[in-house]
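For reference, the structure is listed below as structure tokens.
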Amino acid sequence: MQRLTQFDGLYGQTNARSSTEYLFSELLETRSRSFNWVIEPHIHARLFQLFLVETGAVTLQEANRQRTFAAPVLLLIPPTALHGLTYTPDATGRILTLSDALADSVFPDLPALAPMLEAVQCLTSFEEPYPVAQVRGLFEELDKELFDNQPEKRPMLQVCLQRLFLVLFRIWQRSRALEAAPNTPSLQYFRKFQQRVRQVGTTHSVAQLADELAITPVHLNRICQGVAGKTASLLVQEHILDEARNYLTYTTYSVSEIAYQLHFEYPNYFAKFFKKHTGLSPTEFREAQAA
């Protein structure tokens, strides 16, 4: 029988030992790139990990199955859960690692979270009031506090962790409610629509997307309004804008390269689209983020 690879610290740290207060935050692409985007199956006996994948895709290898997710997706890996990760080279995001003792101390009197924390979770739906940009902001806030040297650092980190995990709990609860809901034709169409938008970006009109689902654009809009409270075109726009913001913030791709990644025919089409919906050109947005 093949022996499981176990790390007491981060992946690849063969001699690391994590303390009961262990907490570490890093960019997903930093470590993953150094391993050529392939993290072989392994376990952490005493560590929780959160992987927020904002662009690209990831394949999760578990003990008994393998699943591939297009961004955005958040993976929660509890201690002792076997997991391997293979990313596409354009993957970006954040990783948060904390000891099981620290996780227990954050929520000592909240047993409702236990079911979420006891198994691998894959969160793929980031609708209002918790879009992926807000989840990213919670990761960034925690990262900033962790690497700053401010007064009362420990209680502030605890507050940051509590906010993050409570938001994830609400997203998880909503996902469970959707899964438990009757699998109506409308929900089936909506899920297929979401999946197709992630695949094709701007290359398909709402009419084309509806045609692929064998329904009319009016019917598709009615479904989107009923499930998400938004039109199909608005959902497409929001997806493209989220992807564009991620590329502009977390990659060094040029505006032309981002336009290509998002399936715009010409870079100036992308620039006009972005400015129309944000009030800033892609370059202005990137400069504002850097500042």
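Labels used: A, B, ... for chains in the order of the structure tokens, numbers from 1 for residues in each chain, and numbers from 1 for ligands as shown.
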Which of range 174-283 of chain A DSSP labels alpha helix (DSSP H), written as an MDAnalysis selection string: chainID A and resid 174:180 185:200 206:212 217:228 232:250 255:261 267:278 282:283
Mind running range 85-203 of chain A against range 263-286 of chain A at 8 Å and telling me each contacting residue's nearest atom pair with the distance in Å (one decimal), counting only C-alpha atoms, chain and number ascending, as CSV?
residue,atom,partner,partner_atom,distance
A:Val200,CA,A:His263,CA,7.3
A:Gly201,CA,A:His263,CA,6.2
A:Thr202,CA,A:His263,CA,5.8
A:Thr203,CA,A:His263,CA,5.9
Those residues you just picked out, can you put them in a file as an mmCIF file, in the first residue's frame with N, CA and C atoms?
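See part-v9.cif below for the written result:
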data_model
loop_
_atom_site.group_PDB
_atom_site.id
_atom_site.type_symbol
_atom_site.label_atom_id
_atom_site.label_comp_id
_atom_site.auth_asym_id
_atom_site.auth_seq_id
_atom_site.Cartn_x
_atom_site.Cartn_y
_atom_site.Cartn_z
ATOM 1 N N VAL A 200 -17.587 30.547 -22.183
ATOM 2 C CA VAL A 200 -17.526 31.290 -23.441
ATOM 3 C C VAL A 200 -17.343 32.792 -23.279
ATOM 4 N N GLY A 201 -17.533 33.316 -22.070
ATOM 5 C CA GLY A 201 -17.345 34.743 -21.865
ATOM 6 C C GLY A 201 -18.188 35.594 -22.792
ATOM 7 N N THR A 202 -17.537 36.469 -23.537
ATOM 8 C CA THR A 202 -18.245 37.428 -24.396
ATOM 9 C C THR A 202 -18.467 36.923 -25.816
ATOM 10 N N THR A 203 -18.065 35.693 -26.114
ATOM 11 C CA THR A 203 -18.164 35.226 -27.503
ATOM 12 C C THR A 203 -19.596 34.888 -27.903
#
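Nearest residue to Leu52 in chain A, choosing from A:Leu96, A:Val236, A:Leu248, A:Leu10 and counting only C-alpha atoms: A:Leu96.
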Ser19 in chain A surroundings by only C-alpha atoms, 10 Å radius, close-in-sequence under 3 positions cut, as a list in words: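 Final neighbour list, sorted by chain and number: Asp8, Gly9, Ala16, Tyr22, Leu23, Arg46, Leu47, Leu98, Ser99, Asp100, Ala101 and Leu102 of chain A.
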Expected file contents, prior selection, N, CA and C atoms, as a PDB file, in the first residue's frame:
ATOM      1  N   ASP A   8       3.600  18.595   8.003  1.00  0.00           N
ATOM      2  CA  ASP A   8       3.189  19.286   9.224  1.00  0.00           C
ATOM      3  C   ASP A   8       3.120  20.793   9.009  1.00  0.00           C
ATOM      4  N   GLY A   9       3.818  21.254   7.980  1.00  0.00           N
ATOM      5  CA  GLY A   9       3.744  22.653   7.589  1.00  0.00           C
ATOM      6  C   GLY A   9       3.109  22.754   6.211  1.00  0.00           C
ATOM      7  N   ALA A  16       9.161  21.244   8.426  1.00  0.00           N
ATOM      8  CA  ALA A  16       8.421  22.296   9.139  1.00  0.00           C
ATOM      9  C   ALA A  16       7.546  21.701  10.233  1.00  0.00           C
ATOM     10  N   TYR A  22      -0.605  28.623  14.502  1.00  0.00           N
ATOM     11  CA  TYR A  22      -0.113  28.787  13.140  1.00  0.00           C
ATOM     12  C   TYR A  22      -1.163  29.424  12.232  1.00  0.00           C
ATOM     13  N   LEU A  23      -0.732  30.454  11.498  1.00  0.00           N
ATOM     14  CA  LEU A  23      -1.592  31.149  10.534  1.00  0.00           C
ATOM     15  C   LEU A  23      -0.699  31.713   9.443  1.00  0.00           C
ATOM     16  N   ARG A  46      -2.770  18.502  10.963  1.00  0.00           N
ATOM     17  CA  ARG A  46      -3.274  19.472  11.939  1.00  0.00           C
ATOM     18  C   ARG A  46      -3.606  20.832  11.337  1.00  0.00           C
ATOM     19  N   LEU A  47      -3.758  20.899  10.027  1.00  0.00           N
ATOM     20  CA  LEU A  47      -3.957  22.197   9.378  1.00  0.00           C
ATOM     21  C   LEU A  47      -5.233  22.246   8.555  1.00  0.00           C
ATOM     22  N   LEU A  98      -4.280  27.561   8.479  1.00  0.00           N
ATOM     23  CA  LEU A  98      -4.315  27.782   9.928  1.00  0.00           C
ATOM     24  C   LEU A  98      -4.409  26.453  10.651  1.00  0.00           C
ATOM     25  N   SER A  99      -3.897  26.434  11.871  1.00  0.00           N
ATOM     26  CA  SER A  99      -3.902  25.211  12.661  1.00  0.00           C
ATOM     27  C   SER A  99      -5.316  24.861  13.092  1.00  0.00           C
ATOM     28  N   ASP A 100      -5.560  23.572  13.343  1.00  0.00           N
ATOM     29  CA  ASP A 100      -6.873  23.159  13.818  1.00  0.00           C
ATOM     30  C   ASP A 100      -7.182  23.763  15.186  1.00  0.00           C
ATOM     31  N   ALA A 101      -6.153  23.929  16.020  1.00  0.00           N
ATOM     32  CA  ALA A 101      -6.363  24.533  17.341  1.00  0.00           C
ATOM     33  C   ALA A 101      -6.804  25.983  17.219  1.00  0.00           C
ATOM     34  N   LEU A 102      -6.217  26.713  16.264  1.00  0.00           N
ATOM     35  CA  LEU A 102      -6.608  28.103  16.057  1.00  0.00           C
ATOM     36  C   LEU A 102      -8.035  28.181  15.531  1.00  0.00           C
TER      37      LEU A 102
END
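All residues of protein, DNA or RNA that reach within 12 Å of Phe147 in chain A, judged by only C-alpha atoms and not counting those fewer than 2 positions away in the chain, are Leu23, Phe24, Ser25, Glu26, Glu140, Glu141, Leu142, Asp143, Lys144, Glu145, Asn149, Gln150, Lys153, Arg154 and Leu157 of chain A.
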DSSP strand (DSSP E or B) selection over range 54-84 of chain A, as a list in words: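 Selection result, strand (DSSP E or B) within range 54-84 of chain A: Glu54, Thr55, Ala57, Val58, Thr59, Leu60, Gln61, Gln66, Arg67, Thr68, Phe69, Ala70, Val73, Leu74, Leu75, Leu76, Ile77, His83 and Gly84 of chain A.
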Those selected residues, please, written with C-alpha atoms and delivered as a JSON list (two decimals), in the first residue's frame.
[["chain", "number", "residue", "atom", "x", "y", "z"],
["A", 54, "GLU", "CA", -10.20, 33.65, -8.75],
["A", 55, "THR", "CA", -9.05, 33.03, -12.32],
["A", 57, "ALA", "CA", -9.30, 26.50, -13.20],
["A", 58, "VAL", "CA", -8.29, 23.82, -10.71],
["A", 59, "THR", "CA", -8.65, 20.04, -10.59],
["A", 60, "LEU", "CA", -9.12, 18.68, -7.07],
["A", 61, "GLN", "CA", -7.94, 15.13, -6.46],
["A", 66, "GLN", "CA", -11.50, 13.95, -9.03],
["A", 67, "ARG", "CA", -13.34, 17.17, -9.84],
["A", 68, "THR", "CA", -12.48, 20.16, -12.03],
["A", 69, "PHE", "CA", -13.72, 23.67, -11.25],
["A", 70, "ALA", "CA", -13.57, 26.85, -13.30],
["A", 73, "VAL", "CA", -14.21, 28.55, -6.55],
["A", 74, "LEU", "CA", -13.26, 28.30, -2.89],
["A", 75, "LEU", "CA", -11.95, 24.98, -1.59],
["A", 76, "LEU", "CA", -11.96, 24.27, 2.14],
["A", 77, "ILE", "CA", -9.70, 21.37, 3.08],
["A", 83, "HIS", "CA", -6.05, 16.39, -1.56],
["A", 84, "GLY", "CA", -4.04, 17.12, -4.68]]
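Residues within 12 Å of Val197 in chain A, counting only C-alpha atoms and excluding same-chain residues fewer than 5 positions away, are Ala70, Ala71, Phe190, Arg191, Lys192, Thr202, Thr203, His204, Ser205, Val206, Gln208, Leu209, Ala210, Glu212, Ala232, Ser233, Leu234, Leu235, Val236, Gln237, Glu238, His239, Ile240, Glu243, Leu262 and His263 of chain A.
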From A:Ser186, A:Ser125, A:Gln199, A:Ser256, residue lying nearest Gln225 in chain A [only C-alpha atoms]: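 Result for the nearest residue to Gln225 in chain A: A:Ser186.
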Interatomic distance, CA of Glu152 in chain A to CA of Ala114 in chain A (Å, one decimal): 27.8 Å
Å distance separating CA of Val106 in chain A from CA of Thr92 in chain A, one decimal place: 27.4 Å
Residues near Leu164 in chain A, cut-off 10 Å, only C-alpha atoms, skip fewer than 5 positions along chain, as an NGL selection string: :A and (134-139 or 141-142 or 158-159 or 169)
From A:Leu146, A:Ile43, A:Leu220, A:Met156, residue lying nearest Leu187 in chain A [only C-alpha atoms]: A:Leu220
Point-to-point distance in Å for CA of Ile39 in chain A and CA of Arg17 in chain A: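 Going from CA of Arg17 in chain A over to CA of Ile39 in chain A, I get 19.5 Å.
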